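Contents: one structure, followed by commentary.
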Amino acid sequence: MHLGLDEPRECQYNQICTHNSSSPLETPHLSKKRKVKRKWQVFPGRNKFYCDGRIMMAKQTGVFYLTMVLILVTSGLFFTFDCPFLASNLTPAIPAIGGVLFFFVMGMLLRASFSDPGVLPRATPEEAADVERQIDAANGASGPGYRPPPRTREVVINGQTVKLKYCFTCKIFRPPRASHCSLCDNCVERFDHHCPWVGNCVGRRNYRFFYLFILSLSFLTIFIFAFVITHVILRSNRTGFLSALKDSPASVLEVVVCFFSVWSIVGLSGFHTYLISSNQTTNEDIKGSWSSKKGKDNYNPYSHGNILTNCCAALCGPLPPSLIDRRGFVETDAPQPVAQSNGTNTCPTTQLQSHMCHQDQCIQSTKFVLQAATTPLLHAQPVLLGGGPILQPKPSVPGPCSGLGPSQPSLPSSIPGLSCGGEVLALHDSESHCHHHIHHQHFISPEETPCAAHLGHHVPLYDPASQDSLHEDSVRGLVKLSSV
C-alpha cells in the first residue's frame with residue numbers, strides 16, 4: 001500500500017488475542033458470545049429430543065403414534081357410546097374401572113416411550129485411545145500377515161464366564177447384557193429389544209414401564225371387548241340384534257379392533273411374564289444364551305433361583321439414574337473479551353517467532369490503522385510498541401534504552417523498525433522527531449517514515465534484502481496487517 005509521504009497519518013497499536021475459531025483480525029472488544037448448548041443437542045445417537053431434552057425417543061416414531069390413535073379412539077368410543085348404557089343398566093363402576101385402566105395404560109406408555117432406556121455414553125477420544133493401547137499391548141507385536149484376534153474380554157458372574165464384546169461405534173467394551181441398537185445407534189444397558197410400538201428401545205431403565213404397559217393394555221382390551229359384547233346383547237334382548245347395531249354403530253368397530261389385537265397383546269404379555277420370572281431378556285432368549293442345549297454347565301447367572309424374587313428384582317428394584325446427562329451443558333472454551341493494553345504482556349514467550357502465537361494463546365501483534373488526519377504525525381500523543389506505558393516526547397534521546405525501566409516488556413532486537421534492542425520506542429511529533437538524533441530511530445517501511453519529506457535520502461530506511469529470511473517473514477506479516 002503506497003501513500004503520499006507528505007500526508008499526515010496516525011498510527012495506533014492494539015493488542016489482540018486469538019482463540020480456537022476466532023480470527024486474529026477480529027475486533028478485540030466485541031467478542032461474539034457463543035450460545036451455550038446442552039448435551040442432547042450434540043448427542044451422537046439417532047434419537048429425537050423434546051421439551052429441552054426431557055423427552056427422549058427413537059427417530060422412527062410413526063408406529064408409536066399409531067398405537068396412541070388406536071388406544072385413544074377405541075377407548076373414546078367405548079366411553080362415549082357404551083358406558084352410558086352400561087352405567088344406567090348395570091353399575092356405575094364399569095366406566096370408573098375403565099377410566100382407571102385407561103389412564104394407567106397411557107401413563108405407562110408415555111413413561112416407557114419418553115424415558116432414557118439406559119443408553120451408555122460413548123468413550124471420549126482419550127478413553128478410546130487408552131483402550132486401543134491396552135488392546136495392542138495385550139495382542140503383542142503384529143507382523144505384515146498378522147490378524148488380530150476378536151476384541152472380547154471375559155468376566156465371571158456367579159461362576160459363569162460371560163464375554164464382553166467391543167463396540168466399534170461407541171468405542172467401549174459393553175457391560176454384561178448390554179447390546180448396540182442398530183436403529184437408535186446406541187449401546188443400551190440390559191438391552192431387551194427395540195419396540196416400534198412404544199417408539200423407543202426397551203432396556204434397564206424403562207423395561208418395567210413397558211411390561212406394565214402391555215400387561216395393563218391386555219386387561220383394558222379384554223375389559224372393553226367383554227363389556228361391548230355385553231352392551232350389544234342387552235340391547236338385542238330389548239330391540240333386536242339389528243336395531244342394537246343401529247343404535248350403537250361404534251360397538252362394531254370396537255369389537256373388531258379388540259378382537260384382532262387382544263391375541264397379540266395377551267401373547268406378548270405372557271411371553272414377558274415368562275422372561276421376568278426367569279430373569280432373562282428378549283435378546284438373550286432369542287439367541288439362546290442360557291439354553292441347556294449349549295451344555296449342561298450353561299445356566300443363567302442372573303437368575304435369583306426364585307420366581308417371586310426375579311419378579312421383584314425386575315419390577316420393584318431401584319431405578320438406576322441416567323448415564324448420559326442429556327440436559328447437562330457442553331463444556332466449551334468460550335471466547336473471553338480482551339482488555340486494552342495496560343503495560344503487561346500476556347504472551348509468555350521471550351522471542352517473537354511469527355506475527356501471531358499458536359491457538360488458545362494470547363499474542364501481541366502490531367496492527368497499524370492508517371487514517372487521514374489534519375494534524376502532523378502524533379502531534380499530541382506518542383506511539384506505544386509492545387504495550388508499555390506512555391512515554392512523553394523528548395527533544396532528544398540521550399542514549400539507547402535510557403528512559404525504560406527494568407519491568408517494561410520488550411521485543412527482540414532482530415525485528416527491524418525497533419531501536420534500543422527491540423524495546424519501547426517513543427516517536428515524537430513533527431517538531432521534535434526530525435532532530436540530529438534521528439539515527440536512533442528506525443522505521444519499518446519508507447511509507448512510515450514521519451519526516452521523509454524533510455530528511456531526503458539521509459534517513460536510514462529498512463532494507464529487507466539485508467536481513468535473513470526470518471526478518472523478512474516478520475516484516476511482511478506486519479506490513480500485511482497494516483493494510484487491513
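Just so we're on the same page: first chain in the C-alpha cells is A, next is B, and so on; residues restart at 1 for each chain, and ligands are numbered from 1 in the order they show up.
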
| query | as a ChimeraX atom specification, which residues of segment 67-263 of chain A does DSSP assign to strand (DSSP E)? | reply | /A:152-157,160-167,172-173,179-181,186-188,193-195,200-202

With N, CA, C and O atoms retained, export the selected residues as a CSV table (one decimal), in the first residue's frame.
```
chain,number,residue,atom,x,y,z
A,152,THR,N,-12.6,-59.1,22.6
A,152,THR,CA,-13.5,-59.5,23.6
A,152,THR,C,-12.8,-59.6,24.9
A,152,THR,O,-11.5,-59.8,24.9
A,153,ARG,N,-13.5,-59.5,26.0
A,153,ARG,CA,-13.0,-59.8,27.3
A,153,ARG,C,-13.9,-60.7,28.1
A,153,ARG,O,-15.1,-60.8,27.7
A,154,GLU,N,-13.4,-61.4,29.0
A,154,GLU,CA,-14.2,-62.3,29.8
A,154,GLU,C,-14.2,-62.0,31.3
A,154,GLU,O,-13.2,-61.6,31.9
A,155,VAL,N,-15.4,-62.1,31.8
A,155,VAL,CA,-15.6,-61.8,33.2
A,155,VAL,C,-16.4,-63.0,33.8
A,155,VAL,O,-17.1,-63.7,33.0
A,156,VAL,N,-16.3,-63.3,35.1
A,156,VAL,CA,-17.0,-64.4,35.7
A,156,VAL,C,-18.1,-63.8,36.6
A,156,VAL,O,-17.8,-63.0,37.5
A,157,ILE,N,-19.4,-64.2,36.3
A,157,ILE,CA,-20.5,-63.8,37.1
A,157,ILE,C,-21.2,-65.0,37.7
A,157,ILE,O,-21.7,-65.8,36.9
A,160,GLN,N,-20.2,-68.2,36.2
A,160,GLN,CA,-20.5,-68.4,34.7
A,160,GLN,C,-19.6,-67.4,34.0
A,160,GLN,O,-19.6,-66.2,34.3
A,161,THR,N,-18.8,-67.8,33.0
A,161,THR,CA,-18.0,-67.0,32.2
A,161,THR,C,-18.8,-66.2,31.2
A,161,THR,O,-19.6,-66.8,30.4
A,162,VAL,N,-18.7,-64.9,31.2
A,162,VAL,CA,-19.5,-64.0,30.3
A,162,VAL,C,-18.5,-63.2,29.5
A,162,VAL,O,-17.6,-62.6,30.0
A,163,LYS,N,-18.7,-63.2,28.2
A,163,LYS,CA,-17.9,-62.4,27.3
A,163,LYS,C,-18.4,-61.0,27.1
A,163,LYS,O,-19.6,-60.8,26.9
A,164,LEU,N,-17.5,-60.0,27.2
A,164,LEU,CA,-17.8,-58.6,26.9
A,164,LEU,C,-17.3,-58.3,25.5
A,164,LEU,O,-16.1,-58.4,25.3
A,165,LYS,N,-18.2,-57.9,24.7
A,165,LYS,CA,-17.8,-57.6,23.3
A,165,LYS,C,-17.5,-56.1,23.2
A,165,LYS,O,-18.0,-55.2,23.9
A,166,TYR,N,-16.6,-55.8,22.2
A,166,TYR,CA,-16.2,-54.4,22.0
A,166,TYR,C,-17.1,-53.8,20.9
A,166,TYR,O,-17.3,-54.4,19.9
A,167,CYS,N,-17.6,-52.6,21.2
A,167,CYS,CA,-18.4,-51.9,20.3
A,167,CYS,C,-17.6,-50.9,19.5
A,167,CYS,O,-17.0,-50.0,20.1
A,172,ILE,N,-16.3,-48.8,23.3
A,172,ILE,CA,-16.3,-49.3,24.6
A,172,ILE,C,-16.4,-50.8,24.6
A,172,ILE,O,-16.9,-51.4,23.6
A,173,PHE,N,-16.0,-51.5,25.7
A,173,PHE,CA,-16.4,-52.9,25.9
A,173,PHE,C,-17.8,-52.9,26.6
A,173,PHE,O,-17.9,-52.3,27.8
A,179,SER,N,-26.3,-54.3,24.7
A,179,SER,CA,-26.2,-54.6,23.3
A,179,SER,C,-26.3,-53.2,22.5
A,179,SER,O,-26.9,-52.3,23.1
A,180,HIS,N,-25.9,-53.2,21.3
A,180,HIS,CA,-26.0,-52.0,20.5
A,180,HIS,C,-27.2,-52.0,19.6
A,180,HIS,O,-27.4,-53.0,18.9
A,181,CYS,N,-28.1,-51.0,19.7
A,181,CYS,CA,-29.3,-50.9,18.9
A,181,CYS,C,-28.9,-50.3,17.6
A,181,CYS,O,-28.5,-49.2,17.5
A,186,ASN,N,-27.2,-46.7,19.6
A,186,ASN,CA,-26.7,-46.6,21.0
A,186,ASN,C,-26.5,-47.9,21.6
A,186,ASN,O,-27.2,-48.9,21.2
A,187,CYS,N,-25.5,-48.0,22.5
A,187,CYS,CA,-25.4,-49.2,23.4
A,187,CYS,C,-26.3,-49.0,24.5
A,187,CYS,O,-26.3,-47.9,25.2
A,188,VAL,N,-27.2,-50.0,24.8
A,188,VAL,CA,-28.2,-49.9,25.8
A,188,VAL,C,-27.9,-50.9,26.9
A,188,VAL,O,-27.7,-52.1,26.6
A,193,HIS,N,-35.1,-55.2,23.7
A,193,HIS,CA,-35.4,-55.2,22.2
A,193,HIS,C,-35.7,-53.7,21.9
A,193,HIS,O,-36.0,-52.9,22.8
A,194,HIS,N,-35.8,-53.4,20.6
A,194,HIS,CA,-36.3,-52.1,20.2
A,194,HIS,C,-37.8,-52.3,19.8
A,194,HIS,O,-38.1,-53.1,18.9
A,195,CYS,N,-38.7,-51.6,20.5
A,195,CYS,CA,-40.1,-51.7,20.3
A,195,CYS,C,-40.6,-50.5,19.5
A,195,CYS,O,-40.6,-49.4,20.0
A,200,ASN,N,-39.3,-46.5,21.1
A,200,ASN,CA,-38.1,-46.4,21.9
A,200,ASN,C,-37.5,-47.8,22.1
A,200,ASN,O,-38.2,-48.8,21.9
A,201,CYS,N,-36.3,-47.8,22.5
A,201,CYS,CA,-35.7,-49.1,23.0
A,201,CYS,C,-36.2,-49.5,24.3
A,201,CYS,O,-36.6,-48.6,25.1
A,202,VAL,N,-36.2,-50.7,24.6
A,202,VAL,CA,-36.6,-51.2,25.9
A,202,VAL,C,-35.3,-51.8,26.6
A,202,VAL,O,-34.7,-52.7,26.1
```

Go through segment 47-97 of chain A residue by residue and, counting only C-alpha atoms, keep those with an atom at most 12 Å from segment 223-240 of chain A; for each kept residue give the shortest atom pair and its distance in Å to one decimal, ordered by chain and increasing number, as a tab-separated table.
```
residue	atom	partner	partner_atom	distance
A:Ile71	CA	A:Ile224	CA	11.0
A:Thr74	CA	A:Ile224	CA	8.5
A:Ser75	CA	A:Ile224	CA	7.8
A:Gly76	CA	A:Ile224	CA	10.8
A:Leu77	CA	A:Ile224	CA	10.1
A:Phe78	CA	A:Ile224	CA	7.0
A:Phe79	CA	A:Ile224	CA	9.5
A:Thr80	CA	A:Val228	CA	11.8
A:Phe81	CA	A:Val228	CA	9.5
A:Asp82	CA	A:His231	CA	6.6
A:Cys83	CA	A:His231	CA	8.8
A:Pro84	CA	A:His231	CA	10.2
A:Phe85	CA	A:His231	CA	7.4
A:Leu86	CA	A:His231	CA	6.7
A:Ala87	CA	A:His231	CA	10.5
A:Ser88	CA	A:His231	CA	11.4
A:Asn89	CA	A:Leu234	CA	9.0
A:Leu90	CA	A:His231	CA	9.8
A:Thr91	CA	A:Phe227	CA	11.7
A:Ile94	CA	A:Phe227	CA	8.5
A:Pro95	CA	A:Ile224	CA	10.1
A:Ala96	CA	A:Phe223	CA	12.0
A:Ile97	CA	A:Phe223	CA	9.1
```

Deliver the residues from the most recent selection as a file, using N, CA, C and O atoms, as a tab-separated table (two decimals), in the first residue's frame.
```tsv
chain	number	residue	atom	x	y	z
A	71	ILE	N	-55.45	-46.67	20.80
A	71	ILE	CA	-55.90	-46.70	22.20
A	71	ILE	C	-56.90	-45.57	22.46
A	71	ILE	O	-57.96	-45.78	23.09
A	74	THR	N	-60.35	-46.23	20.37
A	74	THR	CA	-61.13	-47.34	20.92
A	74	THR	C	-61.70	-47.00	22.30
A	74	THR	O	-62.89	-47.24	22.58
A	75	SER	N	-60.87	-46.41	23.15
A	75	SER	CA	-61.35	-46.06	24.49
A	75	SER	C	-62.37	-44.93	24.42
A	75	SER	O	-63.37	-44.93	25.17
A	76	GLY	N	-62.14	-43.97	23.53
A	76	GLY	CA	-63.11	-42.87	23.40
A	76	GLY	C	-64.47	-43.34	22.93
A	76	GLY	O	-65.51	-42.88	23.44
A	77	LEU	N	-64.50	-44.25	21.97
A	77	LEU	CA	-65.78	-44.79	21.51
A	77	LEU	C	-66.47	-45.58	22.63
A	77	LEU	O	-67.71	-45.51	22.78
A	78	PHE	N	-65.69	-46.30	23.39
A	78	PHE	CA	-66.28	-47.09	24.48
A	78	PHE	C	-66.90	-46.19	25.54
A	78	PHE	O	-68.03	-46.43	26.00
A	79	PHE	N	-66.19	-45.14	25.94
A	79	PHE	CA	-66.73	-44.25	26.98
A	79	PHE	C	-67.89	-43.41	26.44
A	79	PHE	O	-68.74	-42.96	27.23
A	80	THR	N	-67.94	-43.19	25.15
A	80	THR	CA	-68.99	-42.34	24.59
A	80	THR	C	-70.28	-43.11	24.33
A	80	THR	O	-71.38	-42.62	24.65
A	81	PHE	N	-70.18	-44.29	23.72
A	81	PHE	CA	-71.38	-45.00	23.26
A	81	PHE	C	-71.79	-46.17	24.16
A	81	PHE	O	-72.97	-46.54	24.16
A	82	ASP	N	-70.86	-46.76	24.89
A	82	ASP	CA	-71.20	-47.96	25.67
A	82	ASP	C	-71.35	-47.68	27.16
A	82	ASP	O	-72.25	-48.25	27.82
A	83	CYS	N	-70.49	-46.85	27.70
A	83	CYS	CA	-70.51	-46.63	29.15
A	83	CYS	C	-71.81	-46.01	29.65
A	83	CYS	O	-72.29	-46.39	30.74
A	84	PRO	N	-72.45	-45.06	28.95
A	84	PRO	CA	-73.72	-44.53	29.48
A	84	PRO	C	-74.79	-45.61	29.66
A	84	PRO	O	-75.50	-45.62	30.69
A	85	PHE	N	-74.91	-46.50	28.69
A	85	PHE	CA	-75.91	-47.56	28.80
A	85	PHE	C	-75.55	-48.55	29.90
A	85	PHE	O	-76.42	-48.97	30.69
A	86	LEU	N	-74.26	-48.92	29.98
A	86	LEU	CA	-73.83	-49.88	31.00
A	86	LEU	C	-73.95	-49.30	32.40
A	86	LEU	O	-74.30	-50.01	33.36
A	87	ALA	N	-73.68	-48.02	32.57
A	87	ALA	CA	-73.75	-47.40	33.89
A	87	ALA	C	-75.18	-47.30	34.38
A	87	ALA	O	-75.45	-47.42	35.60
A	88	SER	N	-76.11	-47.09	33.46
A	88	SER	CA	-77.51	-46.95	33.87
A	88	SER	C	-78.22	-48.29	34.02
A	88	SER	O	-79.19	-48.41	34.80
A	89	ASN	N	-77.76	-49.32	33.31
A	89	ASN	CA	-78.44	-50.60	33.35
A	89	ASN	C	-77.71	-51.64	34.19
A	89	ASN	O	-78.36	-52.59	34.66
A	90	LEU	N	-76.42	-51.50	34.37
A	90	LEU	CA	-75.68	-52.46	35.19
A	90	LEU	C	-75.15	-51.81	36.46
A	90	LEU	O	-75.74	-51.94	37.53
A	91	THR	N	-74.02	-51.12	36.34
A	91	THR	CA	-73.41	-50.47	37.51
A	91	THR	C	-72.51	-49.32	37.07
A	91	THR	O	-71.84	-49.40	36.01
A	94	ILE	N	-68.48	-49.68	36.12
A	94	ILE	CA	-67.86	-50.07	34.84
A	94	ILE	C	-67.08	-48.90	34.21
A	94	ILE	O	-65.92	-49.06	33.87
A	95	PRO	N	-67.68	-47.72	34.03
A	95	PRO	CA	-66.88	-46.61	33.48
A	95	PRO	C	-65.76	-46.17	34.42
A	95	PRO	O	-64.71	-45.70	33.96
A	96	ALA	N	-65.95	-46.33	35.73
A	96	ALA	CA	-64.89	-45.94	36.66
A	96	ALA	C	-63.68	-46.86	36.53
A	96	ALA	O	-62.52	-46.39	36.46
A	97	ILE	N	-63.92	-48.16	36.47
A	97	ILE	CA	-62.81	-49.10	36.30
A	97	ILE	C	-62.14	-48.92	34.94
A	97	ILE	O	-60.91	-48.95	34.82
```

| Skipping near chain neighbours, those fewer than 3 positions away, what residues fall within 7 Å of segment 34-48 of chain A using only C-alpha atoms, listed as number ranges by chain? | A: 53, 56-59, 184-186, 326-330, 334

Atoms kept (N, CA, C and O atoms) for selection, written as an mmCIF file, in the first residue's frame:
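The result, written out as again-v1.cif:
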```cif
data_model
loop_
_atom_site.group_PDB
_atom_site.id
_atom_site.type_symbol
_atom_site.label_atom_id
_atom_site.label_comp_id
_atom_site.auth_asym_id
_atom_site.auth_seq_id
_atom_site.Cartn_x
_atom_site.Cartn_y
_atom_site.Cartn_z
ATOM 1 N N GLY A 53 -34.807 -31.594 26.013
ATOM 2 C CA GLY A 53 -34.090 -32.808 26.380
ATOM 3 C C GLY A 53 -34.761 -33.671 27.422
ATOM 4 O O GLY A 53 -34.235 -34.734 27.761
ATOM 5 N N MET A 56 -37.054 -38.224 25.465
ATOM 6 C CA MET A 56 -36.115 -38.904 24.568
ATOM 7 C C MET A 56 -36.838 -40.051 23.895
ATOM 8 O O MET A 56 -37.417 -40.917 24.555
ATOM 9 N N MET A 57 -36.806 -40.059 22.553
ATOM 10 C CA MET A 57 -37.473 -41.102 21.784
ATOM 11 C C MET A 57 -36.574 -41.533 20.634
ATOM 12 O O MET A 57 -35.539 -40.903 20.349
ATOM 13 N N ALA A 58 -36.995 -42.610 19.975
ATOM 14 C CA ALA A 58 -36.276 -43.055 18.784
ATOM 15 C C ALA A 58 -36.616 -42.145 17.609
ATOM 16 O O ALA A 58 -37.556 -41.331 17.664
ATOM 17 N N LYS A 59 -35.836 -42.281 16.547
ATOM 18 C CA LYS A 59 -36.057 -41.423 15.390
ATOM 19 C C LYS A 59 -37.326 -41.823 14.648
ATOM 20 O O LYS A 59 -38.046 -40.968 14.125
ATOM 21 N N CYS A 184 -31.359 -47.027 16.895
ATOM 22 C CA CYS A 184 -31.044 -45.818 17.670
ATOM 23 C C CYS A 184 -29.558 -45.505 17.673
ATOM 24 O O CYS A 184 -29.161 -44.402 18.091
ATOM 25 N N ASP A 185 -28.728 -46.453 17.260
ATOM 26 C CA ASP A 185 -27.270 -46.276 17.205
ATOM 27 C C ASP A 185 -26.702 -45.964 18.589
ATOM 28 O O ASP A 185 -25.869 -45.085 18.753
ATOM 29 N N ASN A 186 -27.165 -46.723 19.579
ATOM 30 C CA ASN A 186 -26.689 -46.557 20.956
ATOM 31 C C ASN A 186 -26.482 -47.927 21.585
ATOM 32 O O ASN A 186 -27.176 -48.888 21.237
ATOM 33 N N ARG A 326 -28.416 -35.884 29.572
ATOM 34 C CA ARG A 326 -28.765 -35.223 28.308
ATOM 35 C C ARG A 326 -29.105 -33.753 28.470
ATOM 36 O O ARG A 326 -29.070 -33.009 27.495
ATOM 37 N N ARG A 327 -29.417 -33.300 29.672
ATOM 38 C CA ARG A 327 -29.725 -31.882 29.878
ATOM 39 C C ARG A 327 -28.543 -31.101 30.450
ATOM 40 O O ARG A 327 -28.663 -29.921 30.767
ATOM 41 N N GLY A 328 -27.399 -31.767 30.557
ATOM 42 C CA GLY A 328 -26.215 -31.059 31.016
ATOM 43 C C GLY A 328 -25.653 -30.160 29.931
ATOM 44 O O GLY A 328 -25.972 -30.283 28.740
ATOM 45 N N PHE A 329 -24.802 -29.240 30.322
ATOM 46 C CA PHE A 329 -24.224 -28.276 29.397
ATOM 47 C C PHE A 329 -22.935 -28.833 28.803
ATOM 48 O O PHE A 329 -22.168 -29.525 29.473
ATOM 49 N N VAL A 330 -22.721 -28.500 27.530
ATOM 50 C CA VAL A 330 -21.498 -28.904 26.841
ATOM 51 C C VAL A 330 -20.378 -27.965 27.257
ATOM 52 O O VAL A 330 -20.528 -26.738 27.217
ATOM 53 N N ALA A 334 -15.268 -20.841 25.804
ATOM 54 C CA ALA A 334 -15.933 -19.641 25.314
ATOM 55 C C ALA A 334 -14.919 -18.523 25.127
ATOM 56 O O ALA A 334 -13.975 -18.375 25.901
#
```

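Picture a line from atom CA of Tyr207 of chain A to atom CA of Glu127 of chain A; it runs 29.6 Å.
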
| task | Check segment 48-121 of chain A with DSSP on the backbone and list each residue it calls alpha helix (DSSP H), as number ranges by chain. | result | A: 62-77, 83-89, 93-114

Output C-alpha atoms for every residue in that selection, as a compact mmCIF listing (two decimals), in the first residue's frame.
```txt
# COMPACT_ATOMS: atom_id res chain seq x y z
CA GLY A 62 -44.71 -43.37 13.26
CA VAL A 63 -45.83 -46.67 14.81
CA PHE A 64 -45.92 -45.02 18.24
CA TYR A 65 -48.48 -42.50 17.02
CA LEU A 66 -50.49 -45.38 15.56
CA THR A 67 -50.52 -47.01 18.99
CA MET A 68 -51.74 -43.78 20.54
CA VAL A 69 -54.52 -43.41 17.97
CA LEU A 70 -55.76 -46.98 18.41
CA ILE A 71 -55.90 -46.70 22.20
CA LEU A 72 -57.48 -43.23 22.22
CA VAL A 73 -60.06 -43.96 19.52
CA THR A 74 -61.13 -47.34 20.92
CA SER A 75 -61.35 -46.06 24.49
CA GLY A 76 -63.11 -42.87 23.40
CA LEU A 77 -65.78 -44.79 21.51
CA CYS A 83 -70.51 -46.63 29.15
CA PRO A 84 -73.72 -44.53 29.48
CA PHE A 85 -75.91 -47.56 28.80
CA LEU A 86 -73.83 -49.88 31.00
CA ALA A 87 -73.75 -47.40 33.89
CA SER A 88 -77.51 -46.95 33.87
CA ASN A 89 -78.44 -50.60 33.35
CA ALA A 93 -68.37 -48.99 38.46
CA ILE A 94 -67.86 -50.07 34.84
CA PRO A 95 -66.88 -46.61 33.48
CA ALA A 96 -64.89 -45.94 36.66
CA ILE A 97 -62.81 -49.10 36.30
CA GLY A 98 -62.40 -48.46 32.61
CA GLY A 99 -61.17 -44.93 33.30
CA VAL A 100 -58.58 -46.15 35.82
CA LEU A 101 -57.29 -48.74 33.38
CA PHE A 102 -57.16 -46.20 30.55
CA PHE A 103 -55.12 -43.63 32.50
CA PHE A 104 -52.77 -46.29 33.81
CA VAL A 105 -52.17 -47.62 30.28
CA MET A 106 -51.46 -44.14 28.93
CA GLY A 107 -49.17 -43.31 31.82
CA MET A 108 -47.07 -46.46 31.37
CA LEU A 109 -46.94 -45.97 27.60
CA LEU A 110 -45.69 -42.40 27.87
CA ARG A 111 -43.22 -43.30 30.58
CA ALA A 112 -41.77 -46.17 28.53
CA SER A 113 -41.67 -44.04 25.35
CA PHE A 114 -40.23 -40.81 26.78
```

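Counting from atom CA of Ser303 of chain A, the distance to atom CA of Ser291 of chain A is 13.2 Å.
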